[in-house]
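*Asks:* This is the structure I want to talk about, given as C-alpha cells.
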Amino acid sequence: MSASCDLAEARRLDAADELAPLRERFVLDERDVVYLAGNSLGRLPRAAVTATERAVREGWGRRLIRGWNEGWIDAPRSLGEKIAGVVGARADEVLVAETTSIDLFKLAAAALAARPGRRRIVTDALNFPSDLYVLQGLVRLLGDRHELVSVPSRDGVTIAEVDLAAAVDATTALVVLSHVSFISAFLYDLARVTELVHHCGALVLWDLSHSAGAVPVELESSGADLAVGCTYKYLNGGPGAPAFLYVRRDLQRELEQPLFGWLGHAEPFAFEAAYRPAPDLKRFCVSTPPVLSLLAMEPGVDLVLEAGVDRLRTKSVEQSELLLTLADAWLAPVGVELASPRDPEQRGSHVALRHPEAWRINRALLEPTPGAPTVIADFRAPDAIRLGIAPLYTTFQEVWLAADRLRQVVASREYERFSAERPLVT
Ligand SMILES: *Cc1c(COP(=O)(O)O)cnc(C)c1O
C-alpha cells in the first residue's frame, strides 16, 4: 500500500471489500461520524433493536414467567454455543454468565484450588488492570499465601516470550494473560504460550476480551484450559452485556468455582438446602441470567459468525496496515509515535498511538472545528490514543479520515483549544 494513498483510493478499497455490505446491518444514524471505538463498545446491530423490542414487548410484556421455559433459562448455554464457534471451542465448553472480571475470579479461584501445592500466579504488565485487581483480591482472600508475578514489558508494547518462559516454573499454579493487550494490542501466540505453561504443569487462563470476534482463537486445538471474554467489544453485545467463560471439557468436573449459586446447582429447582455442583459446565453459573441483555447480544454474535473470523481478520490487518502506512507518512513527522507492534502477526485489531498531548488531541477529534469530521477513538492514560478497527463495519475511508484528521489536529495544534483536565470516565 503506497503512502500516497488518497481518499479516492480508500474509497476504491471499500468498493472492492466483500464484507462492506455488512456495515448496513448496523444502525448508522450519524453516517459522517468516524467510529473507531468498536474495540471498546461495538456498534448497535439493527437486528438487536428488533430482538430487544420483541424480548421486552412479547417476552417480558406478554409471556411473563412462562418465558423461562421458552428459551430464557437456556440462553446462557445456547449463546455460549454460538460464541464457541467464534473462539474455536466445542459447543459444550462456553457459557455466558456474569461479567468478565467476575468470571475471571471464578475461574482463577477454581484453578488455584486445583493446584494446591503451587503458590505462584503469573501475569504480565500489559494486562488489563481489572484482571490484575481480581488476582490481587484473590491472593488476599486466600490468606496471602500466593505470589503474584507480573512479567514486565521491555518496550511498553510487547512481552518477550523468553521473559514469560523465565517466570513460569514448577511452582506456578496459574498463568493469566490477555490474548490481545487492551493497551498496545500486543497479540500472544495462544497455542505456543499454552504449550509453554503446560510444560511446567500449570494452568492457563486467557482473557479474550480484545480478541473474540477480531482475531482467530483456537481454544480446542491449542488445548487451552480456561478463558473469559467480553461481549460488548467486537461481538457487539451492547453496553454492559454479560461475559462468556470457557472451561475445557475434561476440566469441567474437576474444577469447582467458589461462588455457589442456585443456577450452578445440579438441580436448581429441587431447592435442596445443600449445594451440589452440576456435573458439567453449568456449575460455573451463579445467578439468574440477564435475559434482556442476552437476547440483545445474540444478533451481534450472529453477525460475527456470518462474516467469519478469518475474513474479519484479513480485513482488519489490511485496514490496520493502511493506518500504519498513513501514520508513518503523516503522523510520525509531527511527533505521534506508534505504540503497537509493527508486525501484524503480533497485533490485534486496534492501533495505539502515543503523543504527550494525547488527551487534548482526542478531545479535538471528538469536537471538531466546522467542516472537519467527528472522529471517535479513545484515550488511555497517560498518553495513548487507541484506534479500534472493527471490520464488520469499519470502512477504509474511515481509517483514512481518522489519520488525516489526526494530522491536521496535531500539525495545527488545534488541540490547544481544550483544557488538560479530564473527566471521570476516559
Ligand atoms: C474490556 C475488558 C474487560 C471488561 O471487564 P468487565 O468486568 O466486563 O468490566 C476485562 N478484561 C479485559 C482484558 C478487557 O479488555
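Convention: chains lettered A, B, ... in C-alpha cells order; per-chain residue numbering from 1; ligands numbered from 1 as shown.
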Name the residues, by chain letter and number, that sit within 6 Å of ligand 1 using only C-alpha atoms and all ligand atoms, and give them as a PyMOL selection string.
*Replies:* chain A and resi 99-101+128+131+178+182+207+209-210+230
*Asks:* Give me the residues within 12 Å of A:Ala91 as a PDB file with all heavy atoms, in the first residue's frame, counting only C-alpha atoms and dropping any in the same chain fewer than 2 places off.
*Replies:*
ATOM      1  N   PRO A  76     -28.002 -18.771  28.389  1.00  0.00           N
ATOM      2  CA  PRO A  76     -26.549 -18.784  28.660  1.00  0.00           C
ATOM      3  C   PRO A  76     -25.824 -19.899  27.905  1.00  0.00           C
ATOM      4  O   PRO A  76     -24.703 -19.712  27.430  1.00  0.00           O
ATOM      5  CB  PRO A  76     -26.473 -18.996  30.174  1.00  0.00           C
ATOM      6  CG  PRO A  76     -27.758 -18.433  30.695  1.00  0.00           C
ATOM      7  CD  PRO A  76     -28.780 -18.776  29.634  1.00  0.00           C
ATOM      8  N   ARG A  77     -26.491 -21.063  27.774  1.00  0.00           N
ATOM      9  CA  ARG A  77     -25.883 -22.192  27.062  1.00  0.00           C
ATOM     10  C   ARG A  77     -25.982 -22.009  25.546  1.00  0.00           C
ATOM     11  O   ARG A  77     -25.033 -22.265  24.818  1.00  0.00           O
ATOM     12  CB  ARG A  77     -26.581 -23.501  27.439  1.00  0.00           C
ATOM     13  CG  ARG A  77     -26.221 -24.012  28.812  1.00  0.00           C
ATOM     14  CD  ARG A  77     -24.776 -24.470  28.881  1.00  0.00           C
ATOM     15  NE  ARG A  77     -24.546 -25.694  28.133  1.00  0.00           N
ATOM     16  CZ  ARG A  77     -24.550 -26.902  28.672  1.00  0.00           C
ATOM     17  NH1 ARG A  77     -24.779 -27.058  29.948  1.00  0.00           N
ATOM     18  NH2 ARG A  77     -24.298 -27.954  27.931  1.00  0.00           N
ATOM     19  N   SER A  78     -27.161 -21.578  25.076  1.00  0.00           N
ATOM     20  CA  SER A  78     -27.328 -21.502  23.619  1.00  0.00           C
ATOM     21  C   SER A  78     -26.449 -20.389  23.035  1.00  0.00           C
ATOM     22  O   SER A  78     -25.876 -20.545  21.957  1.00  0.00           O
ATOM     23  CB  SER A  78     -28.797 -21.338  23.243  1.00  0.00           C
ATOM     24  OG  SER A  78     -29.335 -20.188  23.833  1.00  0.00           O
ATOM     25  N   LEU A  79     -26.328 -19.288  23.765  1.00  0.00           N
ATOM     26  CA  LEU A  79     -25.417 -18.239  23.289  1.00  0.00           C
ATOM     27  C   LEU A  79     -23.969 -18.674  23.415  1.00  0.00           C
ATOM     28  O   LEU A  79     -23.125 -18.351  22.585  1.00  0.00           O
ATOM     29  CB  LEU A  79     -25.620 -16.964  24.105  1.00  0.00           C
ATOM     30  CG  LEU A  79     -26.599 -15.989  23.488  1.00  0.00           C
ATOM     31  CD1 LEU A  79     -26.964 -14.919  24.488  1.00  0.00           C
ATOM     32  CD2 LEU A  79     -25.949 -15.352  22.260  1.00  0.00           C
ATOM     33  N   GLY A  80     -23.694 -19.432  24.467  1.00  0.00           N
ATOM     34  CA  GLY A  80     -22.349 -19.982  24.657  1.00  0.00           C
ATOM     35  C   GLY A  80     -21.955 -20.848  23.473  1.00  0.00           C
ATOM     36  O   GLY A  80     -20.824 -20.796  22.986  1.00  0.00           O
ATOM     37  N   GLU A  81     -22.909 -21.644  22.986  1.00  0.00           N
ATOM     38  CA  GLU A  81     -22.636 -22.496  21.812  1.00  0.00           C
ATOM     39  C   GLU A  81     -22.233 -21.664  20.612  1.00  0.00           C
ATOM     40  O   GLU A  81     -21.333 -22.015  19.860  1.00  0.00           O
ATOM     41  CB  GLU A  81     -23.891 -23.295  21.446  1.00  0.00           C
ATOM     42  CG  GLU A  81     -24.033 -24.573  22.224  1.00  0.00           C
ATOM     43  CD  GLU A  81     -25.256 -25.370  21.785  1.00  0.00           C
ATOM     44  OE1 GLU A  81     -25.563 -25.397  20.567  1.00  0.00           O
ATOM     45  OE2 GLU A  81     -25.900 -25.946  22.673  1.00  0.00           O
ATOM     46  N   LYS A  82     -22.942 -20.545  20.426  1.00  0.00           N
ATOM     47  CA  LYS A  82     -22.600 -19.682  19.288  1.00  0.00           C
ATOM     48  C   LYS A  82     -21.217 -19.071  19.475  1.00  0.00           C
ATOM     49  O   LYS A  82     -20.416 -19.025  18.539  1.00  0.00           O
ATOM     50  CB  LYS A  82     -23.647 -18.584  19.139  1.00  0.00           C
ATOM     51  CG  LYS A  82     -24.973 -19.098  18.641  1.00  0.00           C
ATOM     52  CD  LYS A  82     -25.906 -17.982  18.231  1.00  0.00           C
ATOM     53  CE  LYS A  82     -27.152 -18.589  17.567  1.00  0.00           C
ATOM     54  NZ  LYS A  82     -28.060 -17.562  17.041  1.00  0.00           N
ATOM     55  N   ILE A  83     -20.935 -18.604  20.680  1.00  0.00           N
ATOM     56  CA  ILE A  83     -19.632 -17.975  20.923  1.00  0.00           C
ATOM     57  C   ILE A  83     -18.515 -19.012  20.806  1.00  0.00           C
ATOM     58  O   ILE A  83     -17.407 -18.697  20.358  1.00  0.00           O
ATOM     59  CB  ILE A  83     -19.622 -17.238  22.282  1.00  0.00           C
ATOM     60  CG1 ILE A  83     -20.606 -16.057  22.204  1.00  0.00           C
ATOM     61  CG2 ILE A  83     -18.220 -16.754  22.647  1.00  0.00           C
ATOM     62  CD1 ILE A  83     -20.829 -15.321  23.498  1.00  0.00           C
ATOM     63  N   ALA A  84     -18.821 -20.261  21.150  1.00  0.00           N
ATOM     64  CA  ALA A  84     -17.826 -21.335  20.968  1.00  0.00           C
ATOM     65  C   ALA A  84     -17.350 -21.358  19.519  1.00  0.00           C
ATOM     66  O   ALA A  84     -16.169 -21.583  19.233  1.00  0.00           O
ATOM     67  CB  ALA A  84     -18.429 -22.680  21.371  1.00  0.00           C
ATOM     68  N   GLY A  85     -18.280 -21.094  18.592  1.00  0.00           N
ATOM     69  CA  GLY A  85     -17.920 -21.061  17.167  1.00  0.00           C
ATOM     70  C   GLY A  85     -17.010 -19.892  16.814  1.00  0.00           C
ATOM     71  O   GLY A  85     -16.318 -19.923  15.798  1.00  0.00           O
ATOM     72  N   VAL A  86     -16.999 -18.870  17.644  1.00  0.00           N
ATOM     73  CA  VAL A  86     -16.147 -17.706  17.393  1.00  0.00           C
ATOM     74  C   VAL A  86     -14.735 -17.924  17.968  1.00  0.00           C
ATOM     75  O   VAL A  86     -13.762 -17.396  17.445  1.00  0.00           O
ATOM     76  CB  VAL A  86     -16.781 -16.433  18.039  1.00  0.00           C
ATOM     77  CG1 VAL A  86     -15.873 -15.230  17.893  1.00  0.00           C
ATOM     78  CG2 VAL A  86     -18.156 -16.142  17.432  1.00  0.00           C
ATOM     79  N   VAL A  87     -14.652 -18.693  19.049  1.00  0.00           N
ATOM     80  CA  VAL A  87     -13.359 -18.836  19.734  1.00  0.00           C
ATOM     81  C   VAL A  87     -12.751 -20.243  19.600  1.00  0.00           C
ATOM     82  O   VAL A  87     -11.845 -20.601  20.351  1.00  0.00           O
ATOM     83  CB  VAL A  87     -13.460 -18.436  21.233  1.00  0.00           C
ATOM     84  CG1 VAL A  87     -13.789 -16.957  21.367  1.00  0.00           C
ATOM     85  CG2 VAL A  87     -14.494 -19.279  21.984  1.00  0.00           C
ATOM     86  N   GLY A  88     -13.256 -21.011  18.659  1.00  0.00           N
ATOM     87  CA  GLY A  88     -12.647 -22.304  18.374  1.00  0.00           C
ATOM     88  C   GLY A  88     -12.794 -23.315  19.498  1.00  0.00           C
ATOM     89  O   GLY A  88     -11.906 -24.133  19.736  1.00  0.00           O
ATOM     90  N   ALA A  89     -13.925 -23.256  20.208  1.00  0.00           N
ATOM     91  CA  ALA A  89     -14.160 -24.206  21.298  1.00  0.00           C
ATOM     92  C   ALA A  89     -15.275 -25.162  20.895  1.00  0.00           C
ATOM     93  O   ALA A  89     -15.959 -24.958  19.890  1.00  0.00           O
ATOM     94  CB  ALA A  89     -14.555 -23.459  22.565  1.00  0.00           C
ATOM     95  N   GLU A  93     -18.466 -26.109  25.847  1.00  0.00           N
ATOM     96  CA  GLU A  93     -17.363 -25.572  26.649  1.00  0.00           C
ATOM     97  C   GLU A  93     -17.495 -24.082  26.951  1.00  0.00           C
ATOM     98  O   GLU A  93     -16.648 -23.518  27.633  1.00  0.00           O
ATOM     99  CB  GLU A  93     -16.028 -25.832  25.925  1.00  0.00           C
ATOM    100  CG  GLU A  93     -15.701 -27.320  25.821  1.00  0.00           C
ATOM    101  CD  GLU A  93     -14.400 -27.604  25.056  1.00  0.00           C
ATOM    102  OE1 GLU A  93     -14.133 -26.927  24.047  1.00  0.00           O
ATOM    103  OE2 GLU A  93     -13.665 -28.514  25.477  1.00  0.00           O
ATOM    104  N   VAL A  94     -18.522 -23.435  26.408  1.00  0.00           N
ATOM    105  CA  VAL A  94     -18.660 -21.983  26.588  1.00  0.00           C
ATOM    106  C   VAL A  94     -20.043 -21.650  27.134  1.00  0.00           C
ATOM    107  O   VAL A  94     -21.049 -22.211  26.700  1.00  0.00           O
ATOM    108  CB  VAL A  94     -18.414 -21.228  25.259  1.00  0.00           C
ATOM    109  CG1 VAL A  94     -18.590 -19.726  25.454  1.00  0.00           C
ATOM    110  CG2 VAL A  94     -17.020 -21.524  24.714  1.00  0.00           C
ATOM    111  N   LEU A  95     -20.043 -20.702  28.045  1.00  0.00           N
ATOM    112  CA  LEU A  95     -21.247 -20.301  28.751  1.00  0.00           C
ATOM    113  C   LEU A  95     -21.239 -18.785  28.880  1.00  0.00           C
ATOM    114  O   LEU A  95     -20.172 -18.195  29.060  1.00  0.00           O
ATOM    115  CB  LEU A  95     -21.129 -20.921  30.149  1.00  0.00           C
ATOM    116  CG  LEU A  95     -22.255 -20.799  31.120  1.00  0.00           C
ATOM    117  CD1 LEU A  95     -23.345 -21.785  30.722  1.00  0.00           C
ATOM    118  CD2 LEU A  95     -21.732 -21.165  32.510  1.00  0.00           C
ATOM    119  N   LEU A 219      -9.184 -22.325  20.811  1.00  0.00           N
ATOM    120  CA  LEU A 219      -9.098 -22.856  22.169  1.00  0.00           C
ATOM    121  C   LEU A 219      -8.941 -24.369  22.157  1.00  0.00           C
ATOM    122  O   LEU A 219      -8.076 -24.907  22.837  1.00  0.00           O
ATOM    123  CB  LEU A 219     -10.338 -22.448  22.978  1.00  0.00           C
ATOM    124  CG  LEU A 219     -10.413 -20.961  23.335  1.00  0.00           C
ATOM    125  CD1 LEU A 219     -11.735 -20.637  24.024  1.00  0.00           C
ATOM    126  CD2 LEU A 219      -9.245 -20.534  24.231  1.00  0.00           C
ATOM    127  N   GLU A 220      -9.748 -25.051  21.366  1.00  0.00           N
ATOM    128  CA  GLU A 220      -9.704 -26.513  21.397  1.00  0.00           C
ATOM    129  C   GLU A 220      -8.372 -27.035  20.884  1.00  0.00           C
ATOM    130  O   GLU A 220      -7.693 -27.814  21.559  1.00  0.00           O
ATOM    131  CB  GLU A 220     -10.848 -27.107  20.571  1.00  0.00           C
ATOM    132  CG  GLU A 220     -10.863 -28.627  20.695  1.00  0.00           C
ATOM    133  CD  GLU A 220     -11.805 -29.324  19.712  1.00  0.00           C
ATOM    134  OE1 GLU A 220     -12.587 -28.636  19.027  1.00  0.00           O
ATOM    135  OE2 GLU A 220     -11.730 -30.561  19.636  1.00  0.00           O
ATOM    136  N   TYR A 246     -15.040 -20.019  29.294  1.00  0.00           N
ATOM    137  CA  TYR A 246     -14.736 -21.299  28.642  1.00  0.00           C
ATOM    138  C   TYR A 246     -13.979 -22.171  29.638  1.00  0.00           C
ATOM    139  O   TYR A 246     -13.042 -21.707  30.292  1.00  0.00           O
ATOM    140  CB  TYR A 246     -13.874 -21.037  27.400  1.00  0.00           C
ATOM    141  CG  TYR A 246     -12.964 -22.187  26.985  1.00  0.00           C
ATOM    142  CD1 TYR A 246     -13.406 -23.179  26.106  1.00  0.00           C
ATOM    143  CD2 TYR A 246     -11.657 -22.272  27.465  1.00  0.00           C
ATOM    144  CE1 TYR A 246     -12.568 -24.227  25.724  1.00  0.00           C
ATOM    145  CE2 TYR A 246     -10.817 -23.320  27.094  1.00  0.00           C
ATOM    146  CZ  TYR A 246     -11.278 -24.297  26.221  1.00  0.00           C
ATOM    147  OH  TYR A 246     -10.449 -25.327  25.855  1.00  0.00           O
ATOM    148  N   VAL A 247     -14.404 -23.429  29.749  1.00  0.00           N
ATOM    149  CA  VAL A 247     -13.671 -24.413  30.551  1.00  0.00           C
ATOM    150  C   VAL A 247     -13.521 -25.653  29.687  1.00  0.00           C
ATOM    151  O   VAL A 247     -14.526 -26.197  29.202  1.00  0.00           O
ATOM    152  CB  VAL A 247     -14.429 -24.767  31.859  1.00  0.00           C
ATOM    153  CG1 VAL A 247     -13.623 -25.780  32.683  1.00  0.00           C
ATOM    154  CG2 VAL A 247     -14.722 -23.520  32.689  1.00  0.00           C
ATOM    155  N   ARG A 248     -12.273 -26.082  29.479  1.00  0.00           N
ATOM    156  CA  ARG A 248     -12.042 -27.263  28.638  1.00  0.00           C
ATOM    157  C   ARG A 248     -12.845 -28.445  29.183  1.00  0.00           C
ATOM    158  O   ARG A 248     -12.940 -28.619  30.401  1.00  0.00           O
ATOM    159  CB  ARG A 248     -10.545 -27.588  28.597  1.00  0.00           C
ATOM    160  CG  ARG A 248     -10.148 -28.359  27.350  1.00  0.00           C
ATOM    161  CD  ARG A 248      -8.655 -28.671  27.350  1.00  0.00           C
ATOM    162  NE  ARG A 248      -8.328 -29.503  28.492  1.00  0.00           N
ATOM    163  CZ  ARG A 248      -7.254 -29.325  29.275  1.00  0.00           C
ATOM    164  NH1 ARG A 248      -6.396 -28.346  29.033  1.00  0.00           N
ATOM    165  NH2 ARG A 248      -7.038 -30.130  30.276  1.00  0.00           N
ATOM    166  N   ARG A 249     -13.399 -29.217  28.286  1.00  0.00           N
ATOM    167  CA  ARG A 249     -14.359 -30.255  28.658  1.00  0.00           C
ATOM    168  C   ARG A 249     -13.869 -31.143  29.808  1.00  0.00           C
ATOM    169  O   ARG A 249     -14.582 -31.368  30.772  1.00  0.00           O
ATOM    170  CB  ARG A 249     -14.669 -31.105  27.423  1.00  0.00           C
ATOM    171  CG  ARG A 249     -15.889 -31.974  27.579  1.00  0.00           C
ATOM    172  CD  ARG A 249     -16.072 -32.848  26.363  1.00  0.00           C
ATOM    173  NE  ARG A 249     -16.750 -32.172  25.274  1.00  0.00           N
ATOM    174  CZ  ARG A 249     -16.746 -32.622  24.010  1.00  0.00           C
ATOM    175  NH1 ARG A 249     -16.072 -33.711  23.695  1.00  0.00           N
ATOM    176  NH2 ARG A 249     -17.392 -31.972  23.067  1.00  0.00           N
ATOM    177  N   LEU A 281     -20.518 -27.969  32.626  1.00  0.00           N
ATOM    178  CA  LEU A 281     -20.208 -26.540  32.572  1.00  0.00           C
ATOM    179  C   LEU A 281     -21.178 -25.686  33.387  1.00  0.00           C
ATOM    180  O   LEU A 281     -20.828 -24.592  33.837  1.00  0.00           O
ATOM    181  CB  LEU A 281     -20.237 -26.105  31.095  1.00  0.00           C
ATOM    182  CG  LEU A 281     -19.720 -24.710  30.766  1.00  0.00           C
ATOM    183  CD1 LEU A 281     -18.227 -24.598  31.042  1.00  0.00           C
ATOM    184  CD2 LEU A 281     -20.009 -24.350  29.311  1.00  0.00           C
TER     185      LEU A 281
END
*Asks:* If DSSP is run on the backbone, what residues of stretch 200-376 of chain A are alpha helix (DSSP H)? A reply as JSON, numbers by chain would be ideal.
*Replies:* {"A": [219, 220, 221, 222, 291, 292, 293, 294, 295, 296, 297, 298, 299, 300, 301, 302, 303, 304, 305, 306, 307, 309, 310, 311, 312, 313, 314, 315, 316, 317, 318, 319, 320, 321, 322, 323, 324, 325, 326, 358, 359, 360, 361, 362, 363, 364, 365, 366]}
*Asks:* Could you please write out, as JSON, numbers by chain, every residue of stretch 65-155 of chain A that DSSP assigns to strand (DSSP E or B)?
*Replies:* {"A": [94, 95, 96, 120, 121, 122, 123, 124, 147, 148, 149, 150, 151]}
*Asks:* Counting only C-alpha atoms, which residues of stretch 191-252 of chain A sit at most 10 Å from some atom of stretch 37-53 of chain A, and what is each one's closest atom pair with its distance in Å to one decimal, listed by chain and rising residue number, as JSON lines?
*Replies:*
{"residue": "A:Ser209", "atom": "CA", "partner": "A:Asn39", "partner_atom": "CA", "distance": 9.0}
{"residue": "A:His210", "atom": "CA", "partner": "A:Asn39", "partner_atom": "CA", "distance": 6.8}
{"residue": "A:Ser211", "atom": "CA", "partner": "A:Asn39", "partner_atom": "CA", "distance": 9.3}
{"residue": "A:Ala214", "atom": "CA", "partner": "A:Asn39", "partner_atom": "CA", "distance": 9.1}
{"residue": "A:Cys230", "atom": "CA", "partner": "A:Ser40", "partner_atom": "CA", "distance": 9.9}
{"residue": "A:Thr231", "atom": "CA", "partner": "A:Gly42", "partner_atom": "CA", "distance": 8.8}
{"residue": "A:Tyr232", "atom": "CA", "partner": "A:Leu41", "partner_atom": "CA", "distance": 5.5}
{"residue": "A:Lys233", "atom": "CA", "partner": "A:Leu41", "partner_atom": "CA", "distance": 4.7}
{"residue": "A:Tyr234", "atom": "CA", "partner": "A:Gly42", "partner_atom": "CA", "distance": 5.7}
{"residue": "A:Leu235", "atom": "CA", "partner": "A:Gly42", "partner_atom": "CA", "distance": 6.8}
{"residue": "A:Asn236", "atom": "CA", "partner": "A:Gly42", "partner_atom": "CA", "distance": 4.3}
{"residue": "A:Gly237", "atom": "CA", "partner": "A:Gly42", "partner_atom": "CA", "distance": 7.2}
{"residue": "A:Gly238", "atom": "CA", "partner": "A:Leu44", "partner_atom": "CA", "distance": 6.9}
{"residue": "A:Pro239", "atom": "CA", "partner": "A:Leu41", "partner_atom": "CA", "distance": 6.7}
{"residue": "A:Gly240", "atom": "CA", "partner": "A:Leu41", "partner_atom": "CA", "distance": 9.2}
*Asks:* Atom CA of A:Pro368 and atom CA of A:Leu323 are how many Å apart?
*Replies:*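 Computing the Euclidean distance for atom CA of A:Pro368 and atom CA of A:Leu323 yields 20.3 Å.
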*Asks:* Write out as number ranges by chain which residues come within 10 Å of A:His179 when counting only C-alpha atoms, dropping same-chain ones fewer than 3 positions away.
*Replies:* A: 127, 176, 182, 185-190, 193, 205-212, 215, 217, 227, 229, 348
*Asks:* One decimal, in Å: what's the spacing between atom CA of A:Arg386 and atom CA of A:Ala10?
*Replies:*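 Taking atom CA of A:Arg386 and atom CA of A:Ala10, their separation equals 20.5 Å.
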*Asks:* Compile the contact shell of A:Asp74 as a list in words: residues with an atom at most 12 Å away, counting only C-alpha atoms, same-chain residues fewer than 2 positions apart removed.
*Replies:*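 The contact residues come out as Gly67, Trp68, Asn69, Glu70, Gly71, Trp72, Pro76, Arg77, Ser78, Leu79, Gly80, Glu81, Leu95, Val96, Ala97, Leu263, Lys282, Cys285, Thr288, Pro289, Pro290, Val291, Leu294 and Leu295 of chain A.
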*Asks:* Include N, CA and C atoms and write out the residues we just selected as a PDB file, in the first residue's frame.
*Replies:*
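Written output follows (out05.pdb):
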ATOM      1  N   GLY A  67     -41.931 -17.332  29.988  1.00  0.00           N
ATOM      2  CA  GLY A  67     -40.747 -17.120  29.154  1.00  0.00           C
ATOM      3  C   GLY A  67     -39.557 -17.964  29.588  1.00  0.00           C
ATOM      4  N   TRP A  68     -39.460 -18.281  30.870  1.00  0.00           N
ATOM      5  CA  TRP A  68     -38.310 -19.058  31.338  1.00  0.00           C
ATOM      6  C   TRP A  68     -38.176 -20.389  30.623  1.00  0.00           C
ATOM      7  N   ASN A  69     -39.320 -21.025  30.336  1.00  0.00           N
ATOM      8  CA  ASN A  69     -39.256 -22.313  29.637  1.00  0.00           C
ATOM      9  C   ASN A  69     -39.378 -22.156  28.132  1.00  0.00           C
ATOM     10  N   GLU A  70     -39.331 -20.933  27.673  1.00  0.00           N
ATOM     11  CA  GLU A  70     -39.423 -20.686  26.227  1.00  0.00           C
ATOM     12  C   GLU A  70     -38.107 -20.092  25.720  1.00  0.00           C
ATOM     13  N   GLY A  71     -37.022 -20.520  26.336  1.00  0.00           N
ATOM     14  CA  GLY A  71     -35.705 -20.122  25.839  1.00  0.00           C
ATOM     15  C   GLY A  71     -34.859 -19.314  26.809  1.00  0.00           C
ATOM     16  N   TRP A  72     -35.495 -18.633  27.748  1.00  0.00           N
ATOM     17  CA  TRP A  72     -34.698 -17.763  28.619  1.00  0.00           C
ATOM     18  C   TRP A  72     -33.670 -18.528  29.449  1.00  0.00           C
ATOM     19  N   PRO A  76     -28.002 -18.771  28.389  1.00  0.00           N
ATOM     20  CA  PRO A  76     -26.549 -18.784  28.660  1.00  0.00           C
ATOM     21  C   PRO A  76     -25.824 -19.899  27.905  1.00  0.00           C
ATOM     22  N   ARG A  77     -26.491 -21.063  27.774  1.00  0.00           N
ATOM     23  CA  ARG A  77     -25.883 -22.192  27.062  1.00  0.00           C
ATOM     24  C   ARG A  77     -25.982 -22.009  25.546  1.00  0.00           C
ATOM     25  N   SER A  78     -27.161 -21.578  25.076  1.00  0.00           N
ATOM     26  CA  SER A  78     -27.328 -21.502  23.619  1.00  0.00           C
ATOM     27  C   SER A  78     -26.449 -20.389  23.035  1.00  0.00           C
ATOM     28  N   LEU A  79     -26.328 -19.288  23.765  1.00  0.00           N
ATOM     29  CA  LEU A  79     -25.417 -18.239  23.289  1.00  0.00           C
ATOM     30  C   LEU A  79     -23.969 -18.674  23.415  1.00  0.00           C
ATOM     31  N   GLY A  80     -23.694 -19.432  24.467  1.00  0.00           N
ATOM     32  CA  GLY A  80     -22.349 -19.982  24.657  1.00  0.00           C
ATOM     33  C   GLY A  80     -21.955 -20.848  23.473  1.00  0.00           C
ATOM     34  N   GLU A  81     -22.909 -21.644  22.986  1.00  0.00           N
ATOM     35  CA  GLU A  81     -22.636 -22.496  21.812  1.00  0.00           C
ATOM     36  C   GLU A  81     -22.233 -21.664  20.612  1.00  0.00           C
ATOM     37  N   LEU A  95     -20.043 -20.702  28.045  1.00  0.00           N
ATOM     38  CA  LEU A  95     -21.247 -20.301  28.751  1.00  0.00           C
ATOM     39  C   LEU A  95     -21.239 -18.785  28.880  1.00  0.00           C
ATOM     40  N   VAL A  96     -22.407 -18.160  28.798  1.00  0.00           N
ATOM     41  CA  VAL A  96     -22.465 -16.715  29.016  1.00  0.00           C
ATOM     42  C   VAL A  96     -23.009 -16.468  30.421  1.00  0.00           C
ATOM     43  N   ALA A  97     -22.259 -15.748  31.219  1.00  0.00           N
ATOM     44  CA  ALA A  97     -22.681 -15.507  32.606  1.00  0.00           C
ATOM     45  C   ALA A  97     -21.896 -14.363  33.218  1.00  0.00           C
ATOM     46  N   LEU A 263     -28.073 -21.491  40.365  1.00  0.00           N
ATOM     47  CA  LEU A 263     -28.059 -21.936  38.967  1.00  0.00           C
ATOM     48  C   LEU A 263     -26.823 -22.778  38.618  1.00  0.00           C
ATOM     49  N   LYS A 282     -22.378 -26.196  33.590  1.00  0.00           N
ATOM     50  CA  LYS A 282     -23.399 -25.435  34.308  1.00  0.00           C
ATOM     51  C   LYS A 282     -22.957 -25.043  35.715  1.00  0.00           C
ATOM     52  N   CYS A 285     -22.165 -21.440  36.445  1.00  0.00           N
ATOM     53  CA  CYS A 285     -23.223 -20.424  36.568  1.00  0.00           C
ATOM     54  C   CYS A 285     -23.380 -20.052  38.035  1.00  0.00           C
ATOM     55  N   THR A 288     -29.478 -15.978  38.217  1.00  0.00           N
ATOM     56  CA  THR A 288     -30.455 -15.798  37.146  1.00  0.00           C
ATOM     57  C   THR A 288     -29.834 -14.992  36.009  1.00  0.00           C
ATOM     58  N   PRO A 289     -29.919 -15.498  34.790  1.00  0.00           N
ATOM     59  CA  PRO A 289     -29.272 -14.769  33.682  1.00  0.00           C
ATOM     60  C   PRO A 289     -29.996 -13.456  33.345  1.00  0.00           C
ATOM     61  N   PRO A 290     -29.243 -12.438  32.904  1.00  0.00           N
ATOM     62  CA  PRO A 290     -29.846 -11.170  32.489  1.00  0.00           C
ATOM     63  C   PRO A 290     -30.460 -11.328  31.099  1.00  0.00           C
ATOM     64  N   VAL A 291     -31.703 -11.787  31.070  1.00  0.00           N
ATOM     65  CA  VAL A 291     -32.325 -12.231  29.821  1.00  0.00           C
ATOM     66  C   VAL A 291     -32.345 -11.153  28.735  1.00  0.00           C
ATOM     67  N   LEU A 294     -29.011 -10.769  27.241  1.00  0.00           N
ATOM     68  CA  LEU A 294     -28.622 -11.936  26.440  1.00  0.00           C
ATOM     69  C   LEU A 294     -29.300 -11.899  25.077  1.00  0.00           C
ATOM     70  N   LEU A 295     -30.590 -11.572  25.063  1.00  0.00           N
ATOM     71  CA  LEU A 295     -31.305 -11.561  23.790  1.00  0.00           C
ATOM     72  C   LEU A 295     -30.832 -10.407  22.911  1.00  0.00           C
TER      73      LEU A 295
END
*Asks:* Show me, as a VMD selection string, the residues that have an atom within 12 Å of A:Ser412 when counting only C-alpha atoms, minus same-chain residues fewer than 3 positions from it.
*Replies:* chain A and resid 334 361 364 369 405 to 409 415 to 417
*Asks:* Keeping C-alpha atoms, export the residues of the selection given above as a compact mmCIF listing (two decimals), in the first residue's frame.
*Replies:*
# COMPACT_ATOMS: atom_id res chain seq x y z
CA VAL A 334 4.57 15.64 13.72
CA ILE A 361 -5.84 15.64 20.75
CA ALA A 364 -10.28 17.77 19.33
CA THR A 369 -13.95 22.61 14.03
CA ARG A 405 -7.84 14.47 10.92
CA LEU A 406 -5.11 13.48 13.40
CA ARG A 407 -2.52 15.04 11.14
CA GLN A 408 -4.50 18.32 11.00
CA VAL A 409 -5.13 18.47 14.75
CA TYR A 415 -5.93 20.76 20.49
CA GLU A 416 -4.80 23.86 22.35
CA ARG A 417 -8.47 24.94 22.33
